[in-house]
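S.K.: Here it is, the structure in full.
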Amino acid sequence: MAWVSQPAQELEMHPEPPGLAVRFIATTRPDVIAFEVNGKISSDDMGLLISTFDEGLRAHERLGVLARVLDFDGVSLGALRHEGLWTMKMRGLKQVERYALVGGPDWMETVARWSAPLVRVETRHFDPSDEQCAWDWLEAQPC
C-alpha cells in the first residue's frame with residue numbers, strides 16, 4: 001500500500017493520432033497525378049493512393065506522376081497488404097510514363113537511379129530546390 005501514499009504523477013499525454021501522410025496536389029493536367037508524403041504511409045493512405053491511381057489509369061492511356069517527399073517514415077504492414085496494391089503497381093508499370101521524385105532521403109535517389117533501367121517508367125529524382133524543374137519535365141504545374 002506504499003504506492004497510495006506517493007504523490008500522484010502527472011499523466012503522460014499522448015498526442016492525437018497523426019492525420020494522413022499522403023496529400024494530393026491538384027495539377028494543371030488531368031493526366032498528371034501529384035502527391036506529397038509526410039510521415040508513415042498507413043493503410044488509409046494506401047487506400048487513397050490506390051483509388052486515385054486506379055481512376056487515373058482507367059481514364060488515361062499514359063500518366064505522369066510527381067511525388068514530393070517531405071518526410072518518409074516508411075510504410076505500414078497494413079498498407080503493404082492493402083487489397084489492390086500489387087494490381088495497381090503492375091498497371092502503373094505499363095501506363096506511367098514519367099515519375100518525378102522530389103526530395104526524400106538520400107537512398108530514394110539511389111533506388112530511383114538503379115531501378116529506372118529495369119522498368120519502362122522514365123524516373124528522375126529532383127532536389128527539393130529544383131521542384132520547378134520536375135513540374136516542367138512533366139509539362140504540368142500545381143494549381
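Convention: chains lettered A, B, ... in C-alpha cells order; per-chain residue numbering from 1; ligands numbered from 1 as shown.
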DSSP on the backbone, strand (DSSP E or B) only: what residues of range 23-66 of chain A does that give? Format it as a ChimeraX atom specification.
M.R.: /A:23-25,27,32-41,63-66
S.K.: I'd like the neighbourhood of Ala34 in chain A as a list of chain:residue names, where a residue qualifies if any of its atoms comes within 8 Å (using only C-alpha atoms), though same-chain residues fewer than 2 positions away should be ignored.
M.R.: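 That gives A:Phe24, A:Ile25, A:Ala26, A:Thr27, A:Val32, A:Glu36, A:Val65, A:Leu66, A:Ala67, A:Arg68.
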S.K.: Which residues come within 9 Å of Gly64 in chain A, counting only C-alpha atoms, excluding same-chain residues fewer than 5 positions away, as a list in words?
M.R.: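 Residues meeting the cut-off are Asp31, Val32, Ile33, Ala34, Gln95, Val96, Glu97, Arg98, Tyr99, Ala100 and Leu138 of chain A.
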S.K.: Run DSSP on the backbone and tell me which residues of range 26-138 of chain A come out as helix (DSSP H, G or I); list them as a ChimeraX atom specification.
M.R.: /A:43-59,77-80,85-95,106-118,128-138
S.K.: Convert the current residue selection to file output with C-alpha atoms, as an mmCIF file, in the first residue's frame.
M.R.:
```cif
data_model
loop_
_atom_site.group_PDB
_atom_site.id
_atom_site.type_symbol
_atom_site.label_atom_id
_atom_site.label_comp_id
_atom_site.auth_asym_id
_atom_site.auth_seq_id
_atom_site.Cartn_x
_atom_site.Cartn_y
_atom_site.Cartn_z
ATOM 1 C CA SER A 43 -3.442 1.546 -44.836
ATOM 2 C CA ASP A 44 -5.774 4.560 -45.166
ATOM 3 C CA ASP A 45 -3.111 6.436 -47.156
ATOM 4 C CA MET A 46 -2.607 3.417 -49.386
ATOM 5 C CA GLY A 47 -6.341 3.147 -49.997
ATOM 6 C CA LEU A 48 -6.388 6.754 -51.221
ATOM 7 C CA LEU A 49 -3.331 6.199 -53.408
ATOM 8 C CA ILE A 50 -4.808 3.038 -54.936
ATOM 9 C CA SER A 51 -8.196 4.601 -55.672
ATOM 10 C CA THR A 52 -6.664 7.773 -57.144
ATOM 11 C CA PHE A 53 -4.204 5.872 -59.317
ATOM 12 C CA ASP A 54 -6.841 3.361 -60.366
ATOM 13 C CA GLU A 55 -9.097 6.204 -61.501
ATOM 14 C CA GLY A 56 -6.224 7.896 -63.351
ATOM 15 C CA LEU A 57 -5.079 4.680 -65.006
ATOM 16 C CA ARG A 58 -8.626 3.951 -66.206
ATOM 17 C CA ALA A 59 -9.093 7.488 -67.558
ATOM 18 C CA LEU A 77 2.412 -3.591 -42.930
ATOM 19 C CA GLY A 78 -1.308 -2.932 -43.375
ATOM 20 C CA ALA A 79 -0.532 -0.580 -46.255
ATOM 21 C CA LEU A 80 1.678 -3.176 -47.960
ATOM 22 C CA LEU A 85 -1.871 -2.553 -54.307
ATOM 23 C CA TRP A 86 0.002 -5.038 -56.474
ATOM 24 C CA THR A 87 -2.570 -4.935 -59.283
ATOM 25 C CA MET A 88 -2.300 -1.147 -59.355
ATOM 26 C CA LYS A 89 1.512 -1.334 -59.336
ATOM 27 C CA MET A 90 1.538 -3.714 -62.310
ATOM 28 C CA ARG A 91 -0.825 -1.456 -64.271
ATOM 29 C CA GLY A 92 1.285 1.533 -63.304
ATOM 30 C CA LEU A 93 4.413 -0.084 -64.714
ATOM 31 C CA LYS A 94 2.640 -0.248 -68.070
ATOM 32 C CA GLN A 95 0.924 3.149 -68.051
ATOM 33 C CA ASP A 106 19.284 10.043 -49.954
ATOM 34 C CA TRP A 107 18.591 6.354 -50.514
ATOM 35 C CA MET A 108 15.476 7.185 -52.562
ATOM 36 C CA GLU A 109 17.603 8.833 -55.245
ATOM 37 C CA THR A 110 19.782 5.715 -55.399
ATOM 38 C CA VAL A 111 16.752 3.414 -55.692
ATOM 39 C CA ALA A 112 15.259 5.608 -58.430
ATOM 40 C CA ARG A 113 18.521 5.602 -60.376
ATOM 41 C CA TRP A 114 19.088 1.839 -60.061
ATOM 42 C CA SER A 115 15.502 0.798 -60.782
ATOM 43 C CA ALA A 116 14.994 3.082 -63.800
ATOM 44 C CA PRO A 117 16.660 0.711 -66.326
ATOM 45 C CA LEU A 118 14.596 -2.216 -65.013
ATOM 46 C CA PRO A 128 13.561 19.983 -53.329
ATOM 47 C CA SER A 129 15.142 23.239 -54.523
ATOM 48 C CA ASP A 130 14.646 22.017 -58.118
ATOM 49 C CA GLU A 131 10.965 21.085 -57.793
ATOM 50 C CA GLN A 132 10.009 23.514 -60.563
ATOM 51 C CA CYS A 133 12.253 21.528 -62.919
ATOM 52 C CA ALA A 134 10.274 18.398 -62.017
ATOM 53 C CA TRP A 135 6.997 20.135 -62.860
ATOM 54 C CA ASP A 136 8.473 21.416 -66.139
ATOM 55 C CA TRP A 137 9.684 17.911 -67.006
ATOM 56 C CA LEU A 138 6.119 16.634 -66.527
#
```
S.K.: Find the spatial neighbours of Gly104 in chain A, counting only C-alpha atoms, within a cut-off of 7 Å - ignore same-chain residues fewer than 5 positions away - and output them as a ChimeraX atom specification.
M.R.: /A:69-72
S.K.: I need the chosen residues saved as a compact mmCIF listing (two decimals), in the first residue's frame, with N, CA and C atoms.
M.R.:
```
# COMPACT_ATOMS: atom_id res chain seq x y z
N VAL A 69 8.46 14.27 -51.43
CA VAL A 69 8.68 13.59 -50.16
C VAL A 69 9.28 14.57 -49.16
N LEU A 70 8.47 14.97 -48.20
CA LEU A 70 8.94 15.87 -47.14
C LEU A 70 9.61 15.07 -46.03
N ASP A 71 8.92 14.03 -45.59
CA ASP A 71 9.42 13.17 -44.52
C ASP A 71 8.85 11.79 -44.79
N PHE A 72 9.70 10.78 -44.82
CA PHE A 72 9.24 9.42 -45.09
C PHE A 72 9.64 8.54 -43.93
```
S.K.: At what distance in Å, to one decimal, does CA of Ile41 in chain A lie from CA of Arg62 in chain A?
M.R.: 25.1 Å
S.K.: Report, in Å to a single decimal, how far apart CA of Val75 in chain A and CA of Ser42 in chain A are.
M.R.: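 Here the two named atoms are 6.3 Å from each other.
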S.K.: So what do you get for CA of Thr28 in chain A versus CA of Glu139 in chain A, distance-wise?
M.R.: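 CA of Thr28 in chain A sits 9.0 Å away from CA of Glu139 in chain A.
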